[in-house]
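Note: the block below is protein.pdb and it holds PDB, C-alpha atoms, pLDDT in the B column.
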```
ATOM      1  CA  MET A   1      61.659  32.295   9.633  1.00 80.00           C
ATOM      2  CA  TRP A   2      58.095  33.674   9.656  1.00 83.00           C
ATOM      3  CA  VAL A   3      57.649  32.507   6.073  1.00 83.00           C
ATOM      4  CA  ILE A   4      58.404  28.917   7.087  1.00 87.00           C
ATOM      5  CA  LYS A   5      55.956  29.128   9.995  1.00 88.00           C
ATOM      6  CA  PHE A   6      53.289  30.620   7.748  1.00 87.00           C
ATOM      7  CA  LEU A   7      53.725  27.911   5.122  1.00 89.00           C
ATOM      8  CA  PHE A   8      53.664  25.228   7.816  1.00 89.00           C
ATOM      9  CA  LYS A   9      50.414  26.551   9.290  1.00 93.00           C
ATOM     10  CA  LEU A  10      48.959  26.926   5.806  1.00 93.00           C
ATOM     11  CA  SER A  11      49.838  23.310   5.026  1.00 94.00           C
ATOM     12  CA  ILE A  12      48.260  22.084   8.256  1.00 95.00           C
ATOM     13  CA  HIS A  13      45.058  24.018   7.570  1.00 95.00           C
ATOM     14  CA  PHE A  14      44.963  22.724   3.992  1.00 95.00           C
ATOM     15  CA  VAL A  15      45.262  19.112   5.136  1.00 96.00           C
ATOM     16  CA  LEU A  16      42.632  19.526   7.860  1.00 97.00           C
ATOM     17  CA  ILE A  17      40.144  21.225   5.537  1.00 97.00           C
ATOM     18  CA  THR A  18      40.609  18.749   2.676  1.00 97.00           C
ATOM     19  CA  VAL A  19      40.442  15.686   4.912  1.00 97.00           C
ATOM     20  CA  ALA A  20      37.291  17.059   6.545  1.00 97.00           C
ATOM     21  CA  SER A  21      35.743  17.739   3.119  1.00 97.00           C
ATOM     22  CA  VAL A  22      36.450  14.212   1.931  1.00 98.00           C
ATOM     23  CA  GLY A  23      35.110  12.846   5.209  1.00 98.00           C
ATOM     24  CA  ILE A  24      31.874  14.795   4.847  1.00 98.00           C
ATOM     25  CA  TYR A  25      31.377  13.645   1.259  1.00 98.00           C
ATOM     26  CA  ALA A  26      31.777  10.072   2.431  1.00 97.00           C
ATOM     27  CA  LEU A  27      28.343  10.498   4.011  1.00 96.00           C
ATOM     28  CA  VAL A  28      26.719  13.477   2.281  1.00 97.00           C
ATOM     29  CA  PRO A  29      26.127  13.876  -1.476  1.00 97.00           C
ATOM     30  CA  PRO A  30      28.263  16.613  -3.033  1.00 96.00           C
ATOM     31  CA  PRO A  31      25.684  19.395  -3.545  1.00 95.00           C
ATOM     32  CA  ILE A  32      27.416  20.917  -6.578  1.00 95.00           C
ATOM     33  CA  THR A  33      30.757  20.830  -8.358  1.00 96.00           C
ATOM     34  CA  ALA A  34      32.960  23.411 -10.057  1.00 94.00           C
ATOM     35  CA  THR A  35      32.114  21.854 -13.421  1.00 93.00           C
ATOM     36  CA  MET A  36      28.410  22.349 -12.775  1.00 96.00           C
ATOM     37  CA  VAL A  37      28.892  25.931 -11.625  1.00 94.00           C
ATOM     38  CA  MET A  38      30.793  26.799 -14.802  1.00 93.00           C
ATOM     39  CA  ASP A  39      28.359  25.025 -17.116  1.00 94.00           C
ATOM     40  CA  GLU A  40      26.623  27.678 -19.230  1.00 92.00           C
ATOM     41  CA  ASN A  41      23.916  25.195 -20.184  1.00 92.00           C
ATOM     42  CA  GLY A  42      22.444  24.990 -16.694  1.00 92.00           C
ATOM     43  CA  ILE A  43      22.258  21.933 -14.452  1.00 95.00           C
ATOM     44  CA  THR A  44      19.911  18.974 -14.476  1.00 96.00           C
ATOM     45  CA  LYS A  45      20.738  16.381 -11.827  1.00 97.00           C
ATOM     46  CA  GLU A  46      19.116  14.054  -9.338  1.00 96.00           C
ATOM     47  CA  TRP A  47      21.125  12.216  -6.698  1.00 97.00           C
ATOM     48  CA  THR A  48      20.350   8.500  -6.705  1.00 98.00           C
ATOM     49  CA  SER A  49      21.633   6.000  -4.162  1.00 98.00           C
ATOM     50  CA  PHE A  50      23.850   3.220  -5.460  1.00 98.00           C
ATOM     51  CA  GLY A  51      21.210   0.587  -4.772  1.00 97.00           C
ATOM     52  CA  ASP A  52      18.804   2.388  -7.104  1.00 98.00           C
ATOM     53  CA  ILE A  53      21.179   2.330 -10.070  1.00 98.00           C
ATOM     54  CA  SER A  54      21.210  -0.647 -12.414  1.00 98.00           C
ATOM     55  CA  PRO A  55      24.289  -2.867 -12.070  1.00 98.00           C
ATOM     56  CA  ASN A  56      24.513  -2.580 -15.845  1.00 98.00           C
ATOM     57  CA  MET A  57      25.548   1.063 -15.442  1.00 98.00           C
ATOM     58  CA  ALA A  58      28.339   0.448 -12.936  1.00 98.00           C
ATOM     59  CA  ARG A  59      29.610  -2.476 -14.983  1.00 98.00           C
ATOM     60  CA  ALA A  60      29.455  -0.385 -18.148  1.00 98.00           C
ATOM     61  CA  VAL A  61      31.732   2.328 -16.751  1.00 98.00           C
ATOM     62  CA  ILE A  62      34.138  -0.279 -15.375  1.00 98.00           C
ATOM     63  CA  ALA A  63      34.228  -1.863 -18.831  1.00 97.00           C
ATOM     64  CA  ALA A  64      34.690   1.482 -20.562  1.00 96.00           C
ATOM     65  CA  GLU A  65      36.764   3.523 -18.159  1.00 94.00           C
ATOM     66  CA  ASP A  66      38.594   1.409 -15.616  1.00 96.00           C
ATOM     67  CA  SER A  67      38.690  -2.407 -15.770  1.00 96.00           C
ATOM     68  CA  LYS A  68      41.030  -2.514 -12.750  1.00 96.00           C
ATOM     69  CA  PHE A  69      38.785  -0.341 -10.580  1.00 97.00           C
ATOM     70  CA  CYS A  70      38.431  -3.007  -7.901  1.00 97.00           C
ATOM     71  CA  SER A  71      42.089  -3.977  -7.800  1.00 96.00           C
ATOM     72  CA  HIS A  72      44.008  -0.683  -7.882  1.00 96.00           C
ATOM     73  CA  ASP A  73      44.482   1.897  -5.134  1.00 95.00           C
ATOM     74  CA  GLY A  74      43.322   4.799  -7.262  1.00 95.00           C
ATOM     75  CA  PHE A  75      46.127   4.715  -9.810  1.00 93.00           C
ATOM     76  CA  ASP A  76      46.634   2.216 -12.625  1.00 88.00           C
ATOM     77  CA  ALA A  77      50.411   1.743 -12.677  1.00 84.00           C
ATOM     78  CA  ASP A  78      50.400  -0.302 -15.889  1.00 81.00           C
ATOM     79  CA  ALA A  79      48.301   2.273 -17.734  1.00 77.00           C
ATOM     80  CA  ILE A  80      50.558   5.086 -16.516  1.00 76.00           C
ATOM     81  CA  GLN A  81      53.659   3.263 -17.770  1.00 76.00           C
ATOM     82  CA  LYS A  82      52.095   2.586 -21.171  1.00 77.00           C
ATOM     83  CA  ALA A  83      50.956   6.210 -21.439  1.00 66.00           C
ATOM     84  CA  LEU A  84      54.448   7.478 -20.634  1.00 69.00           C
ATOM     85  CA  GLU A  85      55.930   5.232 -23.302  1.00 68.00           C
ATOM     86  CA  GLN A  86      53.366   6.274 -25.918  1.00 69.00           C
ATOM     87  CA  ASN A  87      53.582   9.977 -25.078  1.00 63.00           C
ATOM     88  CA  ALA A  88      57.374   9.835 -25.326  1.00 64.00           C
ATOM     89  CA  LYS A  89      56.978   8.755 -28.960  1.00 64.00           C
ATOM     90  CA  GLY A  90      54.986  11.892 -29.700  1.00 62.00           C
ATOM     91  CA  GLY A  91      51.581  12.264 -31.275  1.00 54.00           C
ATOM     92  CA  ARG A  92      48.315  12.289 -29.363  1.00 53.00           C
ATOM     93  CA  ILE A  93      48.760  12.515 -25.600  1.00 49.00           C
ATOM     94  CA  ARG A  94      47.207   9.512 -23.898  1.00 49.00           C
ATOM     95  CA  GLY A  95      45.361   9.882 -20.611  1.00 55.00           C
ATOM     96  CA  THR A  96      45.381   7.433 -17.699  1.00 69.00           C
ATOM     97  CA  SER A  97      42.626   8.641 -15.384  1.00 90.00           C
ATOM     98  CA  THR A  98      40.947   5.964 -13.299  1.00 96.00           C
ATOM     99  CA  ILE A  99      37.390   6.320 -12.027  1.00 97.00           C
ATOM    100  CA  SER A 100      38.842   7.330  -8.651  1.00 98.00           C
ATOM    101  CA  GLN A 101      40.907  10.089 -10.264  1.00 97.00           C
ATOM    102  CA  GLN A 102      37.888  11.328 -12.180  1.00 96.00           C
ATOM    103  CA  VAL A 103      35.864  11.489  -8.965  1.00 97.00           C
ATOM    104  CA  ALA A 104      38.667  13.418  -7.255  1.00 97.00           C
ATOM    105  CA  LYS A 105      38.705  15.913 -10.125  1.00 96.00           C
ATOM    106  CA  ASN A 106      34.942  16.196 -10.562  1.00 95.00           C
ATOM    107  CA  ALA A 107      34.018  16.417  -6.872  1.00 97.00           C
ATOM    108  CA  PHE A 108      36.802  18.638  -5.511  1.00 97.00           C
ATOM    109  CA  LEU A 109      38.556  20.393  -8.384  1.00 96.00           C
ATOM    110  CA  TRP A 110      38.002  21.855 -11.833  1.00 92.00           C
ATOM    111  CA  GLN A 111      38.387  20.719 -15.431  1.00 88.00           C
ATOM    112  CA  GLY A 112      41.550  21.384 -17.355  1.00 81.00           C
ATOM    113  CA  GLY A 113      45.138  20.282 -17.159  1.00 75.00           C
ATOM    114  CA  GLY A 114      48.308  21.643 -15.658  1.00 84.00           C
ATOM    115  CA  TYR A 115      50.723  20.091 -13.203  1.00 90.00           C
ATOM    116  CA  PHE A 116      49.260  21.930 -10.219  1.00 91.00           C
ATOM    117  CA  ARG A 117      45.736  20.613 -10.821  1.00 93.00           C
ATOM    118  CA  LYS A 118      47.047  17.126 -11.581  1.00 92.00           C
ATOM    119  CA  GLY A 119      49.001  17.208  -8.326  1.00 95.00           C
ATOM    120  CA  LEU A 120      45.868  18.117  -6.384  1.00 96.00           C
ATOM    121  CA  GLU A 121      43.979  15.396  -8.237  1.00 96.00           C
ATOM    122  CA  ALA A 122      46.524  12.804  -7.097  1.00 96.00           C
ATOM    123  CA  TYR A 123      46.247  14.088  -3.515  1.00 97.00           C
ATOM    124  CA  PHE A 124      42.444  13.894  -3.461  1.00 98.00           C
ATOM    125  CA  THR A 125      42.549  10.491  -5.158  1.00 98.00           C
ATOM    126  CA  PHE A 126      44.719   9.229  -2.309  1.00 97.00           C
ATOM    127  CA  LEU A 127      42.288  10.675   0.236  1.00 98.00           C
ATOM    128  CA  ILE A 128      39.106   9.221  -1.227  1.00 98.00           C
ATOM    129  CA  GLU A 129      40.725   5.807  -1.653  1.00 98.00           C
ATOM    130  CA  ALA A 130      41.802   5.942   2.003  1.00 98.00           C
ATOM    131  CA  ILE A 131      38.523   7.268   3.454  1.00 98.00           C
ATOM    132  CA  TRP A 132      35.758   6.093   1.117  1.00 98.00           C
ATOM    133  CA  SER A 133      34.763   2.591   0.107  1.00 97.00           C
ATOM    134  CA  LYS A 134      34.964   1.575  -3.555  1.00 98.00           C
ATOM    135  CA  LYS A 135      31.167   1.471  -3.601  1.00 98.00           C
ATOM    136  CA  ARG A 136      31.038   5.089  -2.412  1.00 98.00           C
ATOM    137  CA  ILE A 137      33.541   6.145  -5.070  1.00 98.00           C
ATOM    138  CA  MET A 138      31.400   4.509  -7.745  1.00 98.00           C
ATOM    139  CA  GLU A 139      28.205   5.998  -6.295  1.00 98.00           C
ATOM    140  CA  VAL A 140      29.612   9.534  -6.400  1.00 98.00           C
ATOM    141  CA  TYR A 141      31.017   9.000  -9.889  1.00 98.00           C
ATOM    142  CA  LEU A 142      27.683   7.839 -11.267  1.00 98.00           C
ATOM    143  CA  ASN A 143      25.954  10.845  -9.712  1.00 98.00           C
ATOM    144  CA  ILE A 144      28.242  13.708 -10.726  1.00 97.00           C
ATOM    145  CA  ALA A 145      29.680  12.593 -14.069  1.00 97.00           C
ATOM    146  CA  GLU A 146      28.462  14.730 -16.974  1.00 96.00           C
ATOM    147  CA  THR A 147      26.148  12.567 -19.075  1.00 96.00           C
ATOM    148  CA  GLY A 148      25.032  15.184 -21.584  1.00 95.00           C
ATOM    149  CA  ILE A 149      24.770  18.910 -22.197  1.00 95.00           C
ATOM    150  CA  GLY A 150      23.773  20.389 -18.838  1.00 95.00           C
ATOM    151  CA  THR A 151      23.015  16.880 -17.566  1.00 97.00           C
ATOM    152  CA  TYR A 152      24.807  15.310 -14.591  1.00 97.00           C
ATOM    153  CA  GLY A 153      24.535  11.828 -13.187  1.00 98.00           C
ATOM    154  CA  VAL A 154      23.113   8.649 -14.660  1.00 98.00           C
ATOM    155  CA  GLN A 155      19.633   9.233 -13.237  1.00 98.00           C
ATOM    156  CA  ALA A 156      19.304  12.515 -15.137  1.00 97.00           C
ATOM    157  CA  GLY A 157      20.862  10.840 -18.166  1.00 97.00           C
ATOM    158  CA  ALA A 158      18.460   7.892 -18.029  1.00 98.00           C
ATOM    159  CA  GLN A 159      15.500  10.252 -17.787  1.00 97.00           C
ATOM    160  CA  ARG A 160      16.771  12.449 -20.607  1.00 97.00           C
ATOM    161  CA  TYR A 161      17.609   9.725 -23.100  1.00 97.00           C
ATOM    162  CA  PHE A 162      15.339   6.807 -22.223  1.00 97.00           C
ATOM    163  CA  GLN A 163      12.538   8.323 -20.085  1.00 97.00           C
ATOM    164  CA  LYS A 164      13.183   5.826 -17.306  1.00 98.00           C
ATOM    165  CA  ASP A 165      14.986   5.602 -13.975  1.00 98.00           C
ATOM    166  CA  ALA A 166      18.625   4.566 -13.706  1.00 98.00           C
ATOM    167  CA  LYS A 167      17.620   1.349 -11.927  1.00 98.00           C
ATOM    168  CA  ASP A 168      15.853   0.189 -15.096  1.00 98.00           C
ATOM    169  CA  LEU A 169      18.667   0.762 -17.604  1.00 98.00           C
ATOM    170  CA  THR A 170      19.303  -2.204 -19.856  1.00 97.00           C
ATOM    171  CA  ARG A 171      22.768  -3.386 -20.812  1.00 97.00           C
ATOM    172  CA  ILE A 172      22.605  -1.606 -24.184  1.00 96.00           C
ATOM    173  CA  GLU A 173      21.277   1.636 -22.697  1.00 97.00           C
ATOM    174  CA  ALA A 174      23.948   1.705 -19.994  1.00 98.00           C
ATOM    175  CA  ALA A 175      26.625   1.033 -22.609  1.00 97.00           C
ATOM    176  CA  ARG A 176      25.395   3.928 -24.741  1.00 97.00           C
ATOM    177  CA  ILE A 177      25.639   6.337 -21.823  1.00 97.00           C
ATOM    178  CA  ALA A 178      29.098   5.014 -20.918  1.00 97.00           C
ATOM    179  CA  ALA A 179      30.292   5.426 -24.505  1.00 96.00           C
ATOM    180  CA  ALA A 180      29.414   9.125 -24.404  1.00 95.00           C
ATOM    181  CA  LEU A 181      30.981   9.872 -21.007  1.00 94.00           C
ATOM    182  CA  PRO A 182      34.442  10.964 -22.199  1.00 90.00           C
ATOM    183  CA  LEU A 183      32.900  13.647 -24.446  1.00 92.00           C
ATOM    184  CA  PRO A 184      29.295  14.106 -23.278  1.00 92.00           C
ATOM    185  CA  LYS A 185      28.803  17.398 -25.118  1.00 91.00           C
ATOM    186  CA  LYS A 186      29.888  15.914 -28.457  1.00 91.00           C
ATOM    187  CA  ARG A 187      28.955  12.231 -28.433  1.00 94.00           C
ATOM    188  CA  ALA A 188      25.357  11.233 -28.991  1.00 91.00           C
ATOM    189  CA  VAL A 189      23.610   8.703 -26.777  1.00 94.00           C
ATOM    190  CA  ILE A 190      20.507   8.426 -28.942  1.00 92.00           C
ATOM    191  CA  GLY A 191      21.111   7.894 -32.636  1.00 87.00           C
ATOM    192  CA  ALA A 192      24.861   7.489 -32.242  1.00 85.00           C
ATOM    193  CA  SER A 193      26.762   6.495 -35.349  1.00 87.00           C
ATOM    194  CA  GLY A 194      30.316   5.649 -36.365  1.00 90.00           C
ATOM    195  CA  PHE A 195      32.855   5.249 -33.596  1.00 92.00           C
ATOM    196  CA  THR A 196      30.444   6.049 -30.745  1.00 92.00           C
ATOM    197  CA  ARG A 197      27.977   3.390 -31.881  1.00 93.00           C
ATOM    198  CA  ARG A 198      30.699   0.766 -32.309  1.00 95.00           C
ATOM    199  CA  TYR A 199      32.228   1.701 -28.961  1.00 96.00           C
ATOM    200  CA  GLY A 200      28.840   1.371 -27.265  1.00 96.00           C
ATOM    201  CA  ASN A 201      28.392  -2.103 -28.730  1.00 96.00           C
ATOM    202  CA  THR A 202      31.848  -3.085 -27.495  1.00 97.00           C
ATOM    203  CA  ILE A 203      31.057  -1.841 -23.987  1.00 97.00           C
ATOM    204  CA  ALA A 204      27.761  -3.767 -23.999  1.00 97.00           C
ATOM    205  CA  ALA A 205      29.683  -6.968 -24.741  1.00 96.00           C
ATOM    206  CA  ARG A 206      32.275  -6.200 -22.059  1.00 97.00           C
ATOM    207  CA  ILE A 207      29.586  -5.787 -19.393  1.00 97.00           C
ATOM    208  CA  ASN A 208      29.148  -9.557 -19.401  1.00 96.00           C
ATOM    209  CA  ILE A 209      32.902 -10.004 -19.015  1.00 97.00           C
ATOM    210  CA  VAL A 210      32.992  -7.617 -16.046  1.00 98.00           C
ATOM    211  CA  LYS A 211      30.305  -9.700 -14.353  1.00 97.00           C
ATOM    212  CA  ARG A 212      31.794 -13.066 -15.330  1.00 96.00           C
ATOM    213  CA  ASP A 213      35.327 -12.211 -14.208  1.00 97.00           C
ATOM    214  CA  LYS A 214      34.108 -10.447 -11.060  1.00 97.00           C
ATOM    215  CA  LEU A 215      35.794  -7.183 -11.998  1.00 97.00           C
ATOM    216  CA  ASP A 216      33.006  -5.581  -9.964  1.00 97.00           C
ATOM    217  CA  SER A 217      33.641  -7.646  -6.812  1.00 97.00           C
ATOM    218  CA  CYS A 218      34.381  -4.574  -4.678  1.00 97.00           C
ATOM    219  CA  ILE A 219      30.902  -3.141  -5.264  1.00 97.00           C
ATOM    220  CA  TYR A 220      28.762  -6.256  -5.751  1.00 96.00           C
ATOM    221  CA  LYS A 221      29.336  -9.114  -3.318  1.00 82.00           C
TER     222      LYS A 221
END
```

Entire entry expressed as C-alpha cells:
Amino acid sequence: MWVIKFLFKLSIHFVLITVASVGIYALVPPPITATMVMDENGITKEWTSFGDISPNMARAVIAAEDSKFCSHDGFDADAIQKALEQNAKGGRIRGTSTISQQVAKNAFLWQGGGYFRKGLEAYFTFLIEAIWSKKRIMEVYLNIAETGIGTYGVQAGAQRYFQKDAKDLTRIEAARIAAALPLPKKRAVIGASGFTRRYGNTIAARINIVKRDKLDSCIYK
C-alpha cells in the first residue's frame, strides 16, 4: 500500500514541478539546456526577442521543419501515420518531430532516443501547447536551436555566419541556416554544396509560399 501512496505523491510532485517549469519559461528565457551543458565545444548564444528576428527566419523553419505548425496541436498526425507506414517497410527510420516537439526536447530534456525520453517529450509538448502561445514556442525554438558547432539560437548563428543581427537576415541567409538545423555540426551554412545547397534553395523558395498561404498566421497577424 505504501508503494502506491509513494508513487501517487511522486506523480503529483512531478506534475506540479513540470507545469511550474513550463509556466516560468512562458515568461522567462530558458537560461541553459541539457544539450548546451553537454556540448564540449562551449556555448555561444544571445537571447533575442521574437520581434527582433527577421520573419524570413521563422518562415524558413516552418518551410523546412513544420509546414503545419500553425494548424496542429503539437503533433502532426498525418506525418506520424506516414512515418509508421514507411518504418514498417524497413530501411531508414523516418522522424516526425514538429517544432513544438523539438522545443519540448531542447528546452526540458536531452538528446537521444528511447521510449522513455519520447514519452516525456510528448508530455512536455502537450504542456507547452496548452500553456504557451505559438509565437512563444517559435521564439524559444529560434533561440535555443543549435545553429552550428557550439552555437545556439539564430542571433548567434546570424553573427557567426553573416556578421549581422537576426533581424536583418535575408530570405537566402535564413534558408541556409534552416537547411543546416537538422545536422548543425555537419552541414555547412557558408559554402554549402550538394544536398545542403539544394535544400537551402528549396527552403528559400518555400518561404514565399509560407507567407502567401498564411502558414505563419499564428505568429504574424

Residue with smallest distance to Glu46 in chain A - pool A:Ile32, A:Ala60, A:Ile24, A:Leu16, counting only C-alpha atoms: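 Among A:Ile32, A:Ala60, A:Ile24, A:Leu16, it is A:Ile32 that comes nearest to Glu46 in chain A.
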
Just the number, please: distance in Å from CA of Asn143 in chain A to CA of Ala63 in chain A, one decimal.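 Taking CA of Asn143 in chain A as the start and CA of Ala63 in chain A as the end point, the length is 17.7 Å.
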
So which residues get picked by the PyMOL selection byres ((chain A and resi 155-170) around 10) here, written as a ChimeraX atom specification? /A:43-57,142-143,145-154,171-177,188-190,204

Using all atoms listed in the file for the distances, tell me which of A:Arg198, A:Tyr25, A:Ser100, A:Trp110 is nearest to Ser71 in chain A.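 Among the listed residues, A:Ser100 lies closest to Ser71 in chain A.
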
Just to confirm, what's the straight-line distance from CA of Lys9 in chain A to CA of Gly119 in chain A in Å (one decimal)?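 A separation of 20.0 Å between them.
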
Would you write out, as CSV, a table of all residues in range 25-77 of chain A that have an atom no more than 9 Å from an atom of range 124-133 of chain A, listing for each the closest atom pair and the distance in Å to one decimal, considering all atoms listed in the file and ordering rows by chain and rising residue number?
```
residue,atom,partner,partner_atom,distance
A:Tyr25,CA,A:Trp132,CA,8.7
A:Ala26,CA,A:Trp132,CA,5.8
A:Asp73,CA,A:Glu129,CA,6.4
A:Gly74,CA,A:Thr125,CA,6.1
A:Phe75,CA,A:Thr125,CA,8.2
```

Keeping C-alpha atoms for every residue in the selection just given, could you write it to a file as a PDB file, in the frame of the given file?
```pdb
ATOM      1  CA  TYR A  25      31.377  13.645   1.259  1.00 98.00           C
ATOM      2  CA  ALA A  26      31.777  10.072   2.431  1.00 97.00           C
ATOM      3  CA  ASP A  73      44.482   1.897  -5.134  1.00 95.00           C
ATOM      4  CA  GLY A  74      43.322   4.799  -7.262  1.00 95.00           C
ATOM      5  CA  PHE A  75      46.127   4.715  -9.810  1.00 93.00           C
TER       6      PHE A  75
END
```

One decimal, in Å: what's the spacing between CA of Leu109 in chain A and CA of Ile207 in chain A?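 Between these atoms lies a distance of 29.8 Å.
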
Residues in the PyMOL selection byres ((chain A and resi 105) around 10), expressed as a ChimeraX atom specification: /A:33-35,97,99-104,106-112,117-118,120-122,124-125

Starting from the block above, write range 140-154 of chain A out to a file with N, CA and C atoms, as a PDB file, in the first residue's frame, please.
```
ATOM      1  N   VAL A 140      11.129  30.581 -28.546  1.00  0.00           N
ATOM      2  CA  VAL A 140      12.058  29.722 -27.809  1.00  0.00           C
ATOM      3  C   VAL A 140      12.840  28.842 -28.776  1.00  0.00           C
ATOM      4  N   TYR A 141      12.154  28.298 -29.770  1.00  0.00           N
ATOM      5  CA  TYR A 141      12.831  27.438 -30.745  1.00  0.00           C
ATOM      6  C   TYR A 141      13.970  28.179 -31.435  1.00  0.00           C
ATOM      7  N   LEU A 142      13.693  29.386 -31.889  1.00  0.00           N
ATOM      8  CA  LEU A 142      14.692  30.154 -32.621  1.00  0.00           C
ATOM      9  C   LEU A 142      15.846  30.624 -31.731  1.00  0.00           C
ATOM     10  N   ASN A 143      15.664  30.542 -30.428  1.00  0.00           N
ATOM     11  CA  ASN A 143      16.708  30.975 -29.506  1.00  0.00           C
ATOM     12  C   ASN A 143      17.545  29.845 -28.918  1.00  0.00           C
ATOM     13  N   ILE A 144      17.033  28.617 -28.936  1.00  0.00           N
ATOM     14  CA  ILE A 144      17.798  27.531 -28.319  1.00  0.00           C
ATOM     15  C   ILE A 144      18.199  26.440 -29.297  1.00  0.00           C
ATOM     16  N   ALA A 145      17.706  26.505 -30.532  1.00  0.00           N
ATOM     17  CA  ALA A 145      18.107  25.509 -31.529  1.00  0.00           C
ATOM     18  C   ALA A 145      19.602  25.655 -31.822  1.00  0.00           C
ATOM     19  N   GLU A 146      20.275  24.535 -32.011  1.00  0.00           N
ATOM     20  CA  GLU A 146      21.706  24.554 -32.318  1.00  0.00           C
ATOM     21  C   GLU A 146      21.887  24.955 -33.777  1.00  0.00           C
ATOM     22  N   THR A 147      22.581  26.048 -34.015  1.00  0.00           N
ATOM     23  CA  THR A 147      22.759  26.550 -35.377  1.00  0.00           C
ATOM     24  C   THR A 147      24.181  26.361 -35.903  1.00  0.00           C
ATOM     25  N   GLY A 148      25.014  25.728 -35.128  1.00  0.00           N
ATOM     26  CA  GLY A 148      26.391  25.467 -35.550  1.00  0.00           C
ATOM     27  C   GLY A 148      27.165  24.872 -34.399  1.00  0.00           C
ATOM     28  N   ILE A 149      28.410  24.541 -34.606  1.00  0.00           N
ATOM     29  CA  ILE A 149      29.223  23.950 -33.549  1.00  0.00           C
ATOM     30  C   ILE A 149      29.371  24.953 -32.399  1.00  0.00           C
ATOM     31  N   GLY A 150      28.825  24.596 -31.245  1.00  0.00           N
ATOM     32  CA  GLY A 150      28.892  25.465 -30.076  1.00  0.00           C
ATOM     33  C   GLY A 150      28.078  26.738 -30.218  1.00  0.00           C
ATOM     34  N   THR A 151      27.180  26.786 -31.176  1.00  0.00           N
ATOM     35  CA  THR A 151      26.404  27.994 -31.463  1.00  0.00           C
ATOM     36  C   THR A 151      24.915  27.700 -31.309  1.00  0.00           C
ATOM     37  N   TYR A 152      24.220  28.518 -30.517  1.00  0.00           N
ATOM     38  CA  TYR A 152      22.808  28.270 -30.232  1.00  0.00           C
ATOM     39  C   TYR A 152      21.975  29.526 -30.479  1.00  0.00           C
ATOM     40  N   GLY A 153      20.891  29.329 -31.195  1.00  0.00           N
ATOM     41  CA  GLY A 153      19.997  30.434 -31.491  1.00  0.00           C
ATOM     42  C   GLY A 153      20.348  31.122 -32.801  1.00  0.00           C
ATOM     43  N   VAL A 154      19.344  31.726 -33.421  1.00  0.00           N
ATOM     44  CA  VAL A 154      19.574  32.337 -34.732  1.00  0.00           C
ATOM     45  C   VAL A 154      20.358  33.641 -34.641  1.00  0.00           C
TER      46      VAL A 154
END
```
